[in-house]
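Student: So that you have it, the file is my_file.pdb, and it contains PDB, C-alpha atoms:
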ATOM      1  CA  MET A   1      30.865  16.867 -14.844
ATOM      2  CA  LYS A   2      29.778  13.315 -15.677
ATOM      3  CA  ILE A   3      29.716  10.271 -13.406
ATOM      4  CA  SER A   4      31.945   8.343 -15.844
ATOM      5  CA  ASP A   5      34.517  11.168 -15.655
ATOM      6  CA  ILE A   6      34.424  11.076 -11.865
ATOM      7  CA  ILE A   7      35.053   7.315 -11.702
ATOM      8  CA  PRO A   8      37.311   5.944 -14.457
ATOM      9  CA  LEU A   9      37.682   2.205 -15.065
ATOM     10  CA  LYS A  10      40.979   1.973 -13.146
ATOM     11  CA  ASN A  11      39.214   3.301 -10.025
ATOM     12  CA  ILE A  12      36.549   0.578  -9.882
ATOM     13  CA  PHE A  13      37.177  -2.241  -7.404
ATOM     14  CA  LEU A  14      34.753  -5.139  -7.018
ATOM     15  CA  ASP A  15      34.408  -7.804  -4.349
ATOM     16  CA  ILE A  16      36.799  -6.231  -1.883
ATOM     17  CA  ASN A  17      37.244  -7.772   1.558
ATOM     18  CA  ALA A  18      36.370  -5.256   4.240
ATOM     19  CA  SER A  19      35.028  -6.619   7.503
ATOM     20  CA  SER A  20      34.661  -3.180   9.113
ATOM     21  CA  LYS A  21      34.679   0.522   8.330
ATOM     22  CA  LYS A  22      38.166   0.695   9.835
ATOM     23  CA  ALA A  23      39.424  -2.011   7.438
ATOM     24  CA  LEU A  24      37.652  -0.340   4.508
ATOM     25  CA  PHE A  25      39.169   3.075   5.268
ATOM     26  CA  LYS A  26      42.612   1.444   5.572
ATOM     27  CA  LEU A  27      42.179  -0.130   2.130
ATOM     28  CA  ILE A  28      40.964   3.165   0.619
ATOM     29  CA  SER A  29      43.835   5.077   2.249
ATOM     30  CA  LYS A  30      46.364   2.597   0.878
ATOM     31  CA  LYS A  31      45.016   2.926  -2.686
ATOM     32  CA  ILE A  32      45.103   6.729  -2.509
ATOM     33  CA  SER A  33      48.532   6.749  -0.835
ATOM     34  CA  ILE A  34      50.010   4.610  -3.615
ATOM     35  CA  ARG A  35      48.429   6.740  -6.345
ATOM     36  CA  PHE A  36      49.458  10.127  -4.933
ATOM     37  CA  LYS A  37      52.488   9.285  -2.787
ATOM     38  CA  ILE A  38      50.819  10.816   0.263
ATOM     39  CA  ASP A  39      51.140   9.399   3.772
ATOM     40  CA  GLN A  40      48.507   6.689   4.223
ATOM     41  CA  ASN A  41      47.911   7.663   7.877
ATOM     42  CA  GLU A  42      47.135  11.257   6.914
ATOM     43  CA  ILE A  43      44.478  10.052   4.470
ATOM     44  CA  LEU A  44      43.080   7.627   7.030
ATOM     45  CA  ASP A  45      42.926  10.387   9.661
ATOM     46  CA  ASN A  46      41.078  12.702   7.260
ATOM     47  CA  LEU A  47      38.496  10.033   6.390
ATOM     48  CA  ASN A  48      37.961   9.224  10.070
ATOM     49  CA  GLN A  49      37.688  12.914  11.019
ATOM     50  CA  ARG A  50      35.001  13.444   8.367
ATOM     51  CA  GLU A  51      33.143  10.364   9.569
ATOM     52  CA  LYS A  52      33.125  11.724  13.152
ATOM     53  CA  LEU A  53      31.066  14.676  11.879
ATOM     54  CA  GLY A  54      28.339  12.240  10.822
ATOM     55  CA  SER A  55      28.040   8.963   9.002
ATOM     56  CA  THR A  56      28.610   9.049   5.266
ATOM     57  CA  GLY A  57      26.335   6.005   5.028
ATOM     58  CA  ILE A  58      23.334   7.391   3.141
ATOM     59  CA  GLY A  59      21.088   4.335   3.388
ATOM     60  CA  ASN A  60      20.113   1.450   1.123
ATOM     61  CA  GLY A  61      23.564  -0.125   1.591
ATOM     62  CA  ILE A  62      25.433   2.880   0.152
ATOM     63  CA  ALA A  63      28.131   5.122   1.601
ATOM     64  CA  ILE A  64      29.932   8.122   0.141
ATOM     65  CA  PRO A  65      32.974   8.765   2.327
ATOM     66  CA  HIS A  66      34.663  11.972   1.280
ATOM     67  CA  SER A  67      37.430  14.252   2.408
ATOM     68  CA  LYS A  68      39.736  17.045   1.359
ATOM     69  CA  ILE A  69      43.411  16.168   1.485
ATOM     70  CA  LYS A  70      46.533  18.293   1.260
ATOM     71  CA  GLY A  71      48.721  17.275  -1.663
ATOM     72  CA  ILE A  72      45.892  16.206  -3.962
ATOM     73  CA  LYS A  73      45.857  18.400  -7.076
ATOM     74  CA  LYS A  74      42.509  17.368  -8.577
ATOM     75  CA  LEU A  75      39.379  15.489  -7.633
ATOM     76  CA  PHE A  76      39.880  11.737  -7.208
ATOM     77  CA  SER A  77      37.144   9.132  -6.804
ATOM     78  CA  LEU A  78      36.805   5.416  -6.319
ATOM     79  CA  PHE A  79      33.935   2.967  -6.612
ATOM     80  CA  LEU A  80      34.161  -0.087  -4.402
ATOM     81  CA  ARG A  81      31.823  -2.999  -3.865
ATOM     82  CA  SER A  82      32.349  -5.061  -0.759
ATOM     83  CA  LYS A  83      31.792  -8.818  -0.520
ATOM     84  CA  SER A  84      30.333  -8.365   2.955
ATOM     85  CA  LEU A  85      28.236  -5.649   4.553
ATOM     86  CA  VAL A  86      30.131  -2.944   6.427
ATOM     87  CA  ASP A  87      28.573  -1.123   9.390
ATOM     88  CA  PHE A  88      28.505   2.621   8.652
ATOM     89  CA  SER A  89      25.904   3.532  11.304
ATOM     90  CA  ALA A  90      23.625   4.620   8.466
ATOM     91  CA  SER A  91      20.243   6.089   9.395
ATOM     92  CA  ASP A  92      18.427   2.998   8.073
ATOM     93  CA  SER A  93      20.758   0.712  10.102
ATOM     94  CA  LYS A  94      21.602  -1.324   6.984
ATOM     95  CA  GLY A  95      25.135  -2.470   6.278
ATOM     96  CA  VAL A  96      26.967  -0.953   3.318
ATOM     97  CA  ASP A  97      28.300  -2.827   0.288
ATOM     98  CA  ILE A  98      28.426  -0.003  -2.288
ATOM     99  CA  ILE A  99      30.974   2.706  -1.625
ATOM    100  CA  PHE A 100      31.728   5.826  -3.639
ATOM    101  CA  VAL A 101      34.812   7.681  -2.367
ATOM    102  CA  ILE A 102      35.503  11.326  -3.186
ATOM    103  CA  ILE A 103      38.850  12.884  -2.364
ATOM    104  CA  ALA A 104      39.300  16.551  -3.223
ATOM    105  CA  PRO A 105      42.164  19.025  -3.000
ATOM    106  CA  GLU A 106      42.363  20.765   0.350
ATOM    107  CA  ASN A 107      41.107  24.093  -1.073
ATOM    108  CA  ALA A 108      38.415  22.656  -3.402
ATOM    109  CA  THR A 109      34.835  23.792  -2.990
ATOM    110  CA  THR A 110      32.553  23.495  -5.997
ATOM    111  CA  GLU A 111      34.199  20.500  -7.692
ATOM    112  CA  HIS A 112      33.778  18.439  -4.510
ATOM    113  CA  LEU A 113      30.107  19.394  -4.229
ATOM    114  CA  LEU A 114      29.462  18.766  -7.926
ATOM    115  CA  ALA A 115      30.870  15.245  -7.595
ATOM    116  CA  LEU A 116      28.650  14.553  -4.577
ATOM    117  CA  SER A 117      25.663  15.873  -6.514
ATOM    118  CA  GLU A 118      26.465  13.795  -9.604
ATOM    119  CA  ILE A 119      26.796  10.593  -7.580
ATOM    120  CA  SER A 120      23.576  11.382  -5.738
ATOM    121  CA  LYS A 121      21.683  11.924  -9.026
ATOM    122  CA  PHE A 122      23.099   8.680 -10.372
ATOM    123  CA  LEU A 123      21.953   6.728  -7.311
ATOM    124  CA  LYS A 124      18.399   8.095  -7.608
ATOM    125  CA  ILE A 125      17.923   6.495 -11.033
ATOM    126  CA  GLU A 126      15.546   3.576 -10.709
ATOM    127  CA  GLY A 127      17.307   0.218 -10.775
ATOM    128  CA  VAL A 128      20.874   1.573 -10.640
ATOM    129  CA  THR A 129      21.649   0.316  -7.140
ATOM    130  CA  GLU A 130      20.477  -3.197  -8.005
ATOM    131  CA  LYS A 131      22.610  -3.179 -11.160
ATOM    132  CA  LEU A 132      25.668  -2.041  -9.197
ATOM    133  CA  ARG A 133      25.208  -5.096  -6.983
ATOM    134  CA  LYS A 134      24.642  -7.578  -9.829
ATOM    135  CA  LEU A 135      27.177  -6.570 -12.484
ATOM    136  CA  LYS A 136      30.179  -8.878 -12.508
ATOM    137  CA  THR A 137      33.084  -6.872 -13.964
ATOM    138  CA  ASN A 138      34.674  -3.439 -13.769
ATOM    139  CA  LYS A 139      33.904  -2.957 -17.476
ATOM    140  CA  GLU A 140      30.189  -3.645 -16.870
ATOM    141  CA  ILE A 141      30.160  -1.041 -14.085
ATOM    142  CA  GLN A 142      31.914   1.425 -16.401
ATOM    143  CA  GLN A 143      29.346   0.721 -19.137
ATOM    144  CA  LEU A 144      26.573   1.504 -16.664
ATOM    145  CA  LEU A 145      28.244   4.810 -15.787
ATOM    146  CA  LEU A 146      28.629   5.677 -19.472
ATOM    147  CA  GLN A 147      25.046   4.657 -20.261
ATOM    148  CA  VAL A 148      23.705   6.889 -17.521
ATOM    149  CA  ASN A 149      25.645   9.826 -18.976
ATOM    150  CA  GLU A 150      23.776   9.336 -22.244
ATOM    151  CA  ASP A 151      20.397   9.011 -20.520
ATOM    152  CA  LEU A 152      20.675  12.168 -18.419
TER     153      LEU A 152
END
Output the structure of this file as structure tokens.
Tutor:
Amino acid sequence: MKISDIIPLKNIFLDINASSKKALFKLISKKISIRFKIDQNEILDNLNQREKLGSTGIGNGIAIPHSKIKGIKKLFSLFLRSKSLVDFSASDSKGVDIIFVIIAPENATTEHLLALSEISKFLKIEGVTEKLRKLKTNKEIQQLLLQVNEDL
């Protein structure tokens, strides 16, 4: 599994307007609902339920909200960059502007964990987070994802 396979170009969204985690999750739920024709409220509920277990804000302005959803047939991911910082109650108390979303089929186990691992490895590469914040287009983000595949 490669990071560029997890997040295709059409799933990269830059400079989104999300003033809160609630607004962000609504936006994410809407995008997934449209793509998979699944009830937006069900997706929103699943994301919120997962978040109640503990913040998916991992620090350094990054969050990886994830959930398993009935009706999804294969792993689905999004990359979003927010114009403003979103409070995720992360352990470092920093607001979040970089969001990786992982949505897996209800019965998925290893694929979900592999995607989390791949994103985590990607984020540990020196300078990647800064590049994610500076790059201007979806294509530039995709190029970064592809480049990292070659480097690993």
Student: Counting all atoms listed in the file, find the residues whose atoms lie at most 10 Å from (32.5, -11.3, 1.1) (file coordinates) and write them out as a ChimeraX atom specification.
Tutor: /A:15-19,81-85,97
Student: Just give me the gap between atom CA of Leu146 of chain A and atom CA of Ile3 of chain A in Å, one decimal is fine.
Tutor: 7.7 Å
Student: Neighbouring residues of segment 9-14 of chain A were defined as those with any atom within 9 Å, considering all atoms listed in the file; residues of the same chain fewer than 5 positions away were excluded. Please report them as a VMD selection string.
Tutor: chain A and resid 4 76 to 83 136 to 139 141 to 142
Student: I need the residue nearest Lys26 of chain A from this list: A:Asp5, A:Asn48, A:Asn107, A:Ala63. Use only C-alpha atoms for the distance.
Tutor: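 Closest to Lys26 of chain A of all the choices is A:Asn48.
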Student: Rounded to one decimal, what separation in Å do you get between atom CA of Phe36 of chain A and atom CA of Gly71 of chain A?
Tutor: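 Separation of atom CA of Phe36 of chain A and atom CA of Gly71 of chain A: 7.9 Å.
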Student: Quick one: which residues end up in the PyMOL selection byres ((chain A and resi 45) around 12) for this structure, as a ChimeraX atom specification?
Tutor: /A:22,25-26,28-29,39-44,46-52,66-69
Student: Kindly give the distance, in Å, that separates atom CA of Val86 of chain A and atom CA of Pro105 of chain A, rounded to a single decimal.
Tutor: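 The value is 26.8 Å.
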Student: Report the residues retrieved by the PyMOL selection byres ((chain A and resi 131) around 12) from the displayed file, expressed as a PyMOL selection string.
Tutor: chain A and resi 81+98+122-123+125-130+132-137+140-145+148
Student: Taking the file as shown, find all residues satisfying the PyMOL selection byres ((chain A and resi 88) around 7) and write them as a PDB file with C-alpha atoms, in the coordinates of the input.
Tutor:
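Below is the file that was written, expr01.pdb:
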ATOM      1  CA  LYS A  21      34.679   0.522   8.330  1.00  0.00           C
ATOM      2  CA  SER A  55      28.040   8.963   9.002  1.00  0.00           C
ATOM      3  CA  GLY A  57      26.335   6.005   5.028  1.00  0.00           C
ATOM      4  CA  VAL A  86      30.131  -2.944   6.427  1.00  0.00           C
ATOM      5  CA  ASP A  87      28.573  -1.123   9.390  1.00  0.00           C
ATOM      6  CA  SER A  89      25.904   3.532  11.304  1.00  0.00           C
ATOM      7  CA  ALA A  90      23.625   4.620   8.466  1.00  0.00           C
ATOM      8  CA  GLY A  95      25.135  -2.470   6.278  1.00  0.00           C
ATOM      9  CA  VAL A  96      26.967  -0.953   3.318  1.00  0.00           C
TER      10      VAL A  96
END
Student: Using all atoms listed in the file, determine which residues lie at most 12 Å from Thr109 of chain A, disregarding the query and same-chain residues fewer than 4 positions distant; provide the list as a list in words.
Tutor: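 Here the qualifying residues turn out to be Ser67, Lys68, Lys74, Leu75, Ile103, Ala104, Pro105, Leu113, Leu114, Ala115 and Leu116 of chain A.
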